[in-house]
Structures are given as structure tokens and as C-alpha cells.
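Below: the structure, in C-alpha cells.
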Amino acid sequence: MLNSLISVASLMASTLLMMTGYGLMNYLVQIRALAEGWSTLSISIIATGYTCGFVVAGLVVPKLVQRVGHVRVFGAVITLLTVSCLSCSLVVNEFAWFAFRGLAGFAIAGAYMIIESWLNERVNNENRGSLFSFYMVTSLVGSIAGQYFVPLGDPLTTGLFITCGIIFSFALLPTTLSSAQSPMPISQGKFDLPKLFRRSPIAFIGSLLSGALWGTWGSLGGVFAQRIGFTTAEGATLLAACLAGGAIFQIPIGRLSDKFDRRLVMIGCGLIGGLACVVMGLVGANVVTYIAAFVLGIGLFPIYALNAAHANDLADPQEYVTISSGIMILYGLGTVGGPLLSGVVMNATGPIGMIWLMMILFVIYAAYAAWRRTRRADLEGVVDKTDFQAMAVPINATDPVNSPGSALSEEI
């Protein structure tokens, strides 16, 4: 295990710095938008720019990597992240920020693809779970740390944006200066949504719902915190509590799903997330909200990986990449629709409306998983039940769950 970690040490260092910059940028953009007096709907539309860029990257970045290689494209996408962040400080305009956030989404998705395909080439069946768990924790630690930069500065000035750009620039150094061997060029995977639905309807619907849930919380969680009365520092703690819940419980929940029908665990996650939303919707801004956010993370973070694992359980091995690509596309579509719908609801009902919408989505997820248990027996038609693998958050451009490579690293 130690030798495996050493072989990807520079990549993990770049990931930590990149996710620190990401955590800072994602929270800073929400706080600055609120300070400018923009409506919740406007902020949610800006957030969809990020997710649109994310989806586009799935089609474009693999071709770039084929042409010039992993390291050069990694340098390019980190540069685009820096440009996106600094541009937000130079041009404070809602339409411009939609484009800048689209650029950021494209860049962060490209970085995820490169990092995860790189990791997939360095792992084997013995160390896959451990390395991806370490990757997940590294990503979460970076995201949490980045959020706490925001209370240290003034979002209305350029200082925090420049700090974010500096962090992104430093993220280039470990990987670009490393002497470690680069992975083989990747090629674009195909996706087949009808096949995914036939294999696992819960993975199909669940991927849309999990994307909508994470897109809502990731894009508007900071707005929610500010609107219910939390300070910038308290809002950072609220977001960190949710991340911590996901980081601590994602692997135990996944291991539980390896032992029992995954749909039972999906039902549990939906109910846990829904209950946390009910508490957050009722208590307002106090210490109980932090506890509820922690519990929210327990329900929110594992469901993407549970969807992927269940779909792979019911697929032939040669279908893993097709399944993974379909899940990625559906998740991306969910992250576009979630913030838009939440923005409309928050404009009409106030910040608590976002939480009640998330509660409804969690309940739908649990109810659909329960209904699917009545339609097909556990693992009916299974080839071989796969092992759950932890997934990094906020969202992944590839799906490393039980696949020989990432969703964009093999040709079907």
C-alpha cells in the first residue's frame, strides 16, 4: 500500500491543492453573488453554467488527451481554472459569470478525468479500494480547507479571488515537475442510456436524482446558509459538516451494501437524507443545523456510488464502461436541473424551500428503490456482485467503481 501511495504522491498533492482552490472558489462565488444582491434564481442559473461545462468536458477532454497527453492537458485545465477564478473578480456581471463558471466546470471535469484515469492505471484489485478511499479523503480535506479561506478575507475585493488563482497555480507544480511515468492515452467511452435502464432502472433514475441533490446543495448550500442567518464562517462550517458526514460514512455504508441488497441501503440513505432535511427545515440557524448537515452528508454522498455499484452488479464485465459513461451523463444532467429548480423554489418560498425540495427528492429516491425491490429479486441476472468503491465528491467525471479503467479510459 505504501509503495502504491508513493507512486501517486505528486498526483495526490496536486489534487489536494486543486480541491482547496475549488472549495474556496465554489463558496466564494456564492457569497460574492449574494453580496452583489443577485437573486437566488440568477445564482442558480450561474451554477448551471458550471454543470454545462462539466458535461461538455466529457466529450472534448478525452480527444485533447489523445492528442497531447495527460500532463499537458492537466496543465491546460488548471490554467483555465485560474483564468475562470480571476475573471470573476475582473468582470462582476451575471452573464459573464455564467460563462466563467462554465469554463470552471469544463476545467474541473477535465482534471477529474485525468486524475482518475491516472489512478485507475496505478491500481490493482488488491489496492483499488484503499487508493480511491485515500483519493476521496484528499479531495474532501481540500474542499473543506478551501471553504475556510473565505471568512479570512473580504469577498467584495479581489484578494480572495487572487488567492484562489495562486492555489490553483501551485496545484500545477507537483504533477508537472514529477518524474513519475504518465498513464497511457485515454480514448472516449460510449454510453447507452437504454441499456443502463434495462440493466438497472434504480441506477438510471437514481443517477438523475443524486445529480439533482448534489447540484442543489453544492451550488446553493452557501446561499442557503447566508439566507437563514449564518455568518460566512458559520456557513463554511455548515458545508464542512456535510462533507465530513459523507467522508466518514461513505465507506461503511458501501461495505454494508456489499453484504445486503444494495436497494435496502439506497432506501436507508434516502430516508436518512430526507430526515436530515426535515430537521434543517424546522430548526433554522442554530447548532442543531450543523448536526443535521452532518447527517445530510451521510445520506447524500454515497448514493452516486451505490447507483454505479448496483448497475455494475447486473452488467456483463464488457459493459462496465458503457454503464459508467451513462451514469456520468445522467448525473451531469441532474446537476443542471437541480439548481435551476431549486432557484425557482427559493425565489418563491425563501431559502427553506431548497431544503424541502431536497427532502422530496430523497423520499422519491427511497420510494423508487423500495418499489424496484418488488419488481425484481436481489441480484436477479447478476454476473458477479462487485465491491463498493468510495467516490470522490462533489462530482466525478468518471466512475472508478469496479471498472478495469475509468469510464473514459477504454474503447467499447
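Every chain in the C-alpha cells has a letter given in the order shown (A, B, ...), and although residue numbers restart at 1 in each chain, ligands are simply numbered from 1 in the order shown.
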
When you look at stretch 237-242 of chain A with a cut-off of 8 Å (counting only C-alpha atoms), what residues show up, excluding the ones that are within fewer than 3 positions of it in the same chain? I need them as a VMD selection string. chain A and resid 144 147 to 148 221 to 222 225 233 to 234 245 to 246 289 to 291 293 to 298

Restricting it to C-alpha atoms, dump the selection as a PDB file, in the first residue's frame.
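Produced file part_39.pdb, reproduced below:
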ATOM      1  CA  ILE A 144     -13.189  21.779   3.451  1.00  0.00           C
ATOM      2  CA  GLN A 147     -14.061  26.999   2.293  1.00  0.00           C
ATOM      3  CA  TYR A 148     -12.384  28.364   5.410  1.00  0.00           C
ATOM      4  CA  GLY A 221     -25.748  25.406   0.056  1.00  0.00           C
ATOM      5  CA  GLY A 222     -23.741  28.550   0.762  1.00  0.00           C
ATOM      6  CA  ALA A 225     -26.597  29.259   4.897  1.00  0.00           C
ATOM      7  CA  ALA A 233     -17.564  31.355   8.820  1.00  0.00           C
ATOM      8  CA  GLU A 234     -20.654  29.559  10.128  1.00  0.00           C
ATOM      9  CA  GLY A 245     -20.595  13.150   7.215  1.00  0.00           C
ATOM     10  CA  GLY A 246     -20.045  11.876   3.697  1.00  0.00           C
ATOM     11  CA  THR A 289     -28.437  22.611  11.885  1.00  0.00           C
ATOM     12  CA  TYR A 290     -24.769  21.565  11.906  1.00  0.00           C
ATOM     13  CA  ILE A 291     -25.704  18.110  13.191  1.00  0.00           C
ATOM     14  CA  ALA A 293     -25.955  18.849   7.848  1.00  0.00           C
ATOM     15  CA  PHE A 294     -23.585  16.105   9.033  1.00  0.00           C
ATOM     16  CA  VAL A 295     -26.430  13.582   8.769  1.00  0.00           C
ATOM     17  CA  LEU A 296     -27.368  15.022   5.376  1.00  0.00           C
ATOM     18  CA  GLY A 297     -23.873  14.156   4.151  1.00  0.00           C
ATOM     19  CA  ILE A 298     -24.356  10.561   5.322  1.00  0.00           C
TER      20      ILE A 298
END

Mind running stretch 193-239 of chain A against stretch 343-352 of chain A at 7 Å and telling me each contacting residue's nearest atom pair with the distance in Å (one decimal), counting only C-alpha atoms, chain and number ascending, as JSON lines?
{"residue": "A:Phe224", "atom": "CA", "partner": "A:Pro351", "partner_atom": "CA", "distance": 5.4}
{"residue": "A:Arg227", "atom": "CA", "partner": "A:Pro351", "partner_atom": "CA", "distance": 6.1}
{"residue": "A:Ile228", "atom": "CA", "partner": "A:Pro351", "partner_atom": "CA", "distance": 6.8}

With N, CA and C atoms retained, could you export that selection as a PDB file, in the first residue's frame?
ATOM      1  N   PHE A 224     -28.044  29.178   0.901  1.00  0.00           N
ATOM      2  CA  PHE A 224     -28.982  28.787   1.950  1.00  0.00           C
ATOM      3  C   PHE A 224     -28.464  29.207   3.321  1.00  0.00           C
ATOM      4  N   ARG A 227     -28.725  32.965   3.779  1.00  0.00           N
ATOM      5  CA  ARG A 227     -30.096  33.459   3.805  1.00  0.00           C
ATOM      6  C   ARG A 227     -30.823  33.108   5.104  1.00  0.00           C
ATOM      7  N   ILE A 228     -30.408  32.026   5.790  1.00  0.00           N
ATOM      8  CA  ILE A 228     -31.091  31.696   7.053  1.00  0.00           C
ATOM      9  C   ILE A 228     -30.420  32.366   8.247  1.00  0.00           C
TER      10      ILE A 228
END

DSSP helix (DSSP H, G or I) residues within stretch 101-303 of chain A, listed as a PyMOL selection string: chain A and resi 101-122+128-147+150-152+159-176+193-199+201-227+232-259+262-283+287-300+303

So that I can see what lies close to stretch 193-203 of chain A, please list as a compact mmCIF listing (two decimals) with C-alpha atoms, in the first residue's frame the residues with an atom at most 8 Å from it, counting only C-alpha atoms and leaving out residues fewer than 4 positions away in the same chain.
# COMPACT_ATOMS: atom_id res chain seq x y z
CA SER A 207 -28.27 8.98 -11.03
CA ASN A 307 -26.10 3.57 -8.13
CA ALA A 308 -22.94 2.71 -10.04
CA HIS A 310 -25.78 -1.71 -8.42
CA ALA A 311 -25.66 -1.16 -12.19
CA LEU A 314 -26.23 -6.50 -13.12
CA ALA A 315 -23.92 -5.90 -16.09
CA ILE A 323 -22.68 1.70 -17.84
CA GLY A 326 -24.31 6.56 -18.93
CA ILE A 327 -24.33 7.16 -15.17
CA TYR A 368 -38.36 4.20 -6.08
CA ALA A 369 -35.70 1.88 -4.64
CA ARG A 372 -37.90 -1.73 -7.54

Take atom CA of A:Gly110 and atom CA of A:Leu172 and report the distance between them in Å, one decimal.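 These two atoms are separated by 13.8 Å.
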
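Residue neighbourhood of stretch 329-336 of chain A, excluding near-sequence residues (fewer than 5 positions): Ala47, Thr48, Thr51, Cys52, Phe54, Val55, Phe204, Ser207, Leu208, Leu209, Ser210, Gly211, Ala212, Leu213, Trp214, Gly215 and Thr216 of chain A, at 8 Å, using only C-alpha atoms.
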
Give me a file of those residues, with N, CA and C atoms, as a PDB file, in the first residue's frame.
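This is the output file out-v4.pdb:
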ATOM      1  N   ALA A  47     -24.934  28.771 -11.628  1.00  0.00           N
ATOM      2  CA  ALA A  47     -24.466  27.439 -11.233  1.00  0.00           C
ATOM      3  C   ALA A  47     -24.629  26.431 -12.363  1.00  0.00           C
ATOM      4  N   THR A  48     -25.678  26.577 -13.179  1.00  0.00           N
ATOM      5  CA  THR A  48     -25.857  25.635 -14.285  1.00  0.00           C
ATOM      6  C   THR A  48     -24.789  25.812 -15.351  1.00  0.00           C
ATOM      7  N   THR A  51     -22.176  23.277 -14.473  1.00  0.00           N
ATOM      8  CA  THR A  51     -22.509  21.896 -14.786  1.00  0.00           C
ATOM      9  C   THR A  51     -22.573  21.651 -16.297  1.00  0.00           C
ATOM     10  N   CYS A  52     -22.980  22.662 -17.059  1.00  0.00           N
ATOM     11  CA  CYS A  52     -22.957  22.517 -18.517  1.00  0.00           C
ATOM     12  C   CYS A  52     -21.530  22.339 -19.015  1.00  0.00           C
ATOM     13  N   PHE A  54     -19.138  21.140 -17.309  1.00  0.00           N
ATOM     14  CA  PHE A  54     -18.711  19.833 -16.825  1.00  0.00           C
ATOM     15  C   PHE A  54     -19.091  18.736 -17.813  1.00  0.00           C
ATOM     16  N   VAL A  55     -20.331  18.785 -18.309  1.00  0.00           N
ATOM     17  CA  VAL A  55     -20.809  17.762 -19.237  1.00  0.00           C
ATOM     18  C   VAL A  55     -20.065  17.860 -20.573  1.00  0.00           C
ATOM     19  N   PHE A 204     -30.468   4.244 -13.114  1.00  0.00           N
ATOM     20  CA  PHE A 204     -30.828   5.264 -14.095  1.00  0.00           C
ATOM     21  C   PHE A 204     -31.517   6.445 -13.402  1.00  0.00           C
ATOM     22  N   SER A 207     -29.348   8.093 -10.587  1.00  0.00           N
ATOM     23  CA  SER A 207     -28.271   8.981 -11.033  1.00  0.00           C
ATOM     24  C   SER A 207     -28.793  10.385 -11.300  1.00  0.00           C
ATOM     25  N   LEU A 208     -29.978  10.476 -11.905  1.00  0.00           N
ATOM     26  CA  LEU A 208     -30.592  11.790 -12.106  1.00  0.00           C
ATOM     27  C   LEU A 208     -30.885  12.469 -10.771  1.00  0.00           C
ATOM     28  N   LEU A 209     -31.447  11.707  -9.829  1.00  0.00           N
ATOM     29  CA  LEU A 209     -31.807  12.275  -8.527  1.00  0.00           C
ATOM     30  C   LEU A 209     -30.573  12.654  -7.720  1.00  0.00           C
ATOM     31  N   SER A 210     -29.547  11.805  -7.734  1.00  0.00           N
ATOM     32  CA  SER A 210     -28.343  12.140  -6.966  1.00  0.00           C
ATOM     33  C   SER A 210     -27.643  13.354  -7.551  1.00  0.00           C
ATOM     34  N   GLY A 211     -27.682  13.491  -8.892  1.00  0.00           N
ATOM     35  CA  GLY A 211     -27.127  14.695  -9.509  1.00  0.00           C
ATOM     36  C   GLY A 211     -27.905  15.941  -9.115  1.00  0.00           C
ATOM     37  N   ALA A 212     -29.232  15.829  -9.109  1.00  0.00           N
ATOM     38  CA  ALA A 212     -30.061  16.977  -8.716  1.00  0.00           C
ATOM     39  C   ALA A 212     -29.815  17.353  -7.259  1.00  0.00           C
ATOM     40  N   LEU A 213     -29.667  16.351  -6.394  1.00  0.00           N
ATOM     41  CA  LEU A 213     -29.429  16.609  -4.966  1.00  0.00           C
ATOM     42  C   LEU A 213     -28.081  17.277  -4.754  1.00  0.00           C
ATOM     43  N   TRP A 214     -27.034  16.688  -5.346  1.00  0.00           N
ATOM     44  CA  TRP A 214     -25.721  17.293  -5.124  1.00  0.00           C
ATOM     45  C   TRP A 214     -25.603  18.640  -5.827  1.00  0.00           C
ATOM     46  N   GLY A 215     -26.169  18.754  -7.036  1.00  0.00           N
ATOM     47  CA  GLY A 215     -26.120  20.031  -7.736  1.00  0.00           C
ATOM     48  C   GLY A 215     -26.778  21.136  -6.930  1.00  0.00           C
ATOM     49  N   THR A 216     -27.895  20.804  -6.262  1.00  0.00           N
ATOM     50  CA  THR A 216     -28.600  21.779  -5.434  1.00  0.00           C
ATOM     51  C   THR A 216     -27.761  22.189  -4.233  1.00  0.00           C
TER      52      THR A 216
END

Show me, as a list in words, the residues that have an atom within 9 Å of A:Pro302 when counting only C-alpha atoms, minus same-chain residues fewer than 4 positions from it. Gly246, Phe249, Gln250, Ile251, Ile253, Gly254, Met266, Cys269, Gly297, Ile298, Leu306, Asn307, Ala390 and Met391 of chain A

For A:Arg373, please output as a ChimeraX atom specification all residues within 12 Å (counting only C-alpha atoms; exclusion window: fewer than 2 positions along the same chain). /A:200-202,261-267,366-371,375-380

Between atom CA of A:Val61 and atom CA of A:Ala145, what is the distance in Å, rounded to a tenth? 27.8 Å

Of the candidates A:Val8, A:Val288, A:Leu16, A:Leu28, which shows the shortest atom-to-atom distance to A:Asp154, using only C-alpha atoms? A:Leu28

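Of the residues listed (A:Ser14, A:Thr157, A:Ser342, A:Thr374), A:Ser342 shows the shortest atom-to-atom separation from A:Ile355; distances use only C-alpha atoms.
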
Residues within 12 Å of A:Pro155, please, as a ChimeraX atom specification. Count only C-alpha atoms; anything in the same chain fewer than 5 positions from it doesn't count. /A:24-25,27-36,88-89,92,149-150,160-164,232

Serialized selection, N, CA and C atoms, as a PDB file, in the first residue's frame:
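selection-v6.pdb, freshly written:
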ATOM      1  N   LEU A  24     -12.548  26.916  -2.116  1.00  0.00           N
ATOM      2  CA  LEU A  24     -12.548  28.368  -1.961  1.00  0.00           C
ATOM      3  C   LEU A  24     -13.391  29.018  -3.049  1.00  0.00           C
ATOM      4  N   MET A  25     -13.173  28.634  -4.302  1.00  0.00           N
ATOM      5  CA  MET A  25     -13.874  29.273  -5.415  1.00  0.00           C
ATOM      6  C   MET A  25     -15.381  29.023  -5.340  1.00  0.00           C
ATOM      7  N   TYR A  27     -17.403  28.350  -2.827  1.00  0.00           N
ATOM      8  CA  TYR A  27     -18.071  29.086  -1.752  1.00  0.00           C
ATOM      9  C   TYR A  27     -17.979  30.588  -1.981  1.00  0.00           C
ATOM     10  N   LEU A  28     -16.829  31.060  -2.453  1.00  0.00           N
ATOM     11  CA  LEU A  28     -16.611  32.487  -2.685  1.00  0.00           C
ATOM     12  C   LEU A  28     -17.581  33.031  -3.729  1.00  0.00           C
ATOM     13  N   VAL A  29     -17.788  32.291  -4.796  1.00  0.00           N
ATOM     14  CA  VAL A  29     -18.695  32.739  -5.856  1.00  0.00           C
ATOM     15  C   VAL A  29     -20.109  32.934  -5.310  1.00  0.00           C
ATOM     16  N   GLN A  30     -20.574  32.011  -4.473  1.00  0.00           N
ATOM     17  CA  GLN A  30     -21.917  32.141  -3.895  1.00  0.00           C
ATOM     18  C   GLN A  30     -22.014  33.358  -2.975  1.00  0.00           C
ATOM     19  N   ILE A  31     -21.003  33.545  -2.120  1.00  0.00           N
ATOM     20  CA  ILE A  31     -21.030  34.669  -1.166  1.00  0.00           C
ATOM     21  C   ILE A  31     -20.953  36.006  -1.897  1.00  0.00           C
ATOM     22  N   ARG A  32     -20.087  36.090  -2.916  1.00  0.00           N
ATOM     23  CA  ARG A  32     -19.962  37.342  -3.667  1.00  0.00           C
ATOM     24  C   ARG A  32     -21.254  37.650  -4.425  1.00  0.00           C
ATOM     25  N   ALA A  33     -21.873  36.622  -5.000  1.00  0.00           N
ATOM     26  CA  ALA A  33     -23.127  36.835  -5.728  1.00  0.00           C
ATOM     27  C   ALA A  33     -24.211  37.378  -4.805  1.00  0.00           C
ATOM     28  N   LEU A  34     -24.275  36.842  -3.588  1.00  0.00           N
ATOM     29  CA  LEU A  34     -25.239  37.362  -2.616  1.00  0.00           C
ATOM     30  C   LEU A  34     -24.916  38.808  -2.252  1.00  0.00           C
ATOM     31  N   ALA A  35     -23.639  39.097  -2.063  1.00  0.00           N
ATOM     32  CA  ALA A  35     -23.230  40.457  -1.702  1.00  0.00           C
ATOM     33  C   ALA A  35     -23.567  41.451  -2.804  1.00  0.00           C
ATOM     34  N   GLU A  36     -23.583  41.000  -4.049  1.00  0.00           N
ATOM     35  CA  GLU A  36     -23.941  41.865  -5.175  1.00  0.00           C
ATOM     36  C   GLU A  36     -25.444  42.080  -5.278  1.00  0.00           C
ATOM     37  N   CYS A  88     -13.694  36.228 -12.695  1.00  0.00           N
ATOM     38  CA  CYS A  88     -14.855  36.592 -11.873  1.00  0.00           C
ATOM     39  C   CYS A  88     -14.590  37.856 -11.064  1.00  0.00           C
ATOM     40  N   SER A  89     -13.331  38.082 -10.700  1.00  0.00           N
ATOM     41  CA  SER A  89     -13.005  39.288  -9.932  1.00  0.00           C
ATOM     42  C   SER A  89     -12.885  40.519 -10.819  1.00  0.00           C
ATOM     43  N   VAL A  92     -17.640  41.618 -12.897  1.00  0.00           N
ATOM     44  CA  VAL A  92     -18.703  41.197 -11.976  1.00  0.00           C
ATOM     45  C   VAL A  92     -20.040  41.445 -12.658  1.00  0.00           C
ATOM     46  N   PHE A 149     -11.029  29.622   3.800  1.00  0.00           N
ATOM     47  CA  PHE A 149     -10.306  30.814   3.365  1.00  0.00           C
ATOM     48  C   PHE A 149     -11.253  32.005   3.232  1.00  0.00           C
ATOM     49  N   VAL A 150     -12.521  31.721   2.905  1.00  0.00           N
ATOM     50  CA  VAL A 150     -13.461  32.809   2.619  1.00  0.00           C
ATOM     51  C   VAL A 150     -13.658  33.740   3.809  1.00  0.00           C
ATOM     52  N   LEU A 160      -9.410  37.492  -2.319  1.00  0.00           N
ATOM     53  CA  LEU A 160      -9.716  36.064  -2.241  1.00  0.00           C
ATOM     54  C   LEU A 160      -9.670  35.400  -3.616  1.00  0.00           C
ATOM     55  N   PHE A 161     -10.082  36.126  -4.641  1.00  0.00           N
ATOM     56  CA  PHE A 161     -10.009  35.571  -5.992  1.00  0.00           C
ATOM     57  C   PHE A 161      -8.555  35.360  -6.406  1.00  0.00           C
ATOM     58  N   ILE A 162      -7.703  36.310  -6.063  1.00  0.00           N
ATOM     59  CA  ILE A 162      -6.281  36.167  -6.376  1.00  0.00           C
ATOM     60  C   ILE A 162      -5.676  35.003  -5.590  1.00  0.00           C
ATOM     61  N   THR A 163      -6.075  34.877  -4.320  1.00  0.00           N
ATOM     62  CA  THR A 163      -5.606  33.746  -3.512  1.00  0.00           C
ATOM     63  C   THR A 163      -5.986  32.422  -4.152  1.00  0.00           C
ATOM     64  N   CYS A 164      -7.211  32.348  -4.635  1.00  0.00           N
ATOM     65  CA  CYS A 164      -7.680  31.133  -5.311  1.00  0.00           C
ATOM     66  C   CYS A 164      -6.828  30.842  -6.538  1.00  0.00           C
ATOM     67  N   THR A 232     -20.438  34.111   7.353  1.00  0.00           N
ATOM     68  CA  THR A 232     -19.626  33.421   6.351  1.00  0.00           C
ATOM     69  C   THR A 232     -18.874  32.247   6.959  1.00  0.00           C
TER      70      THR A 232
END
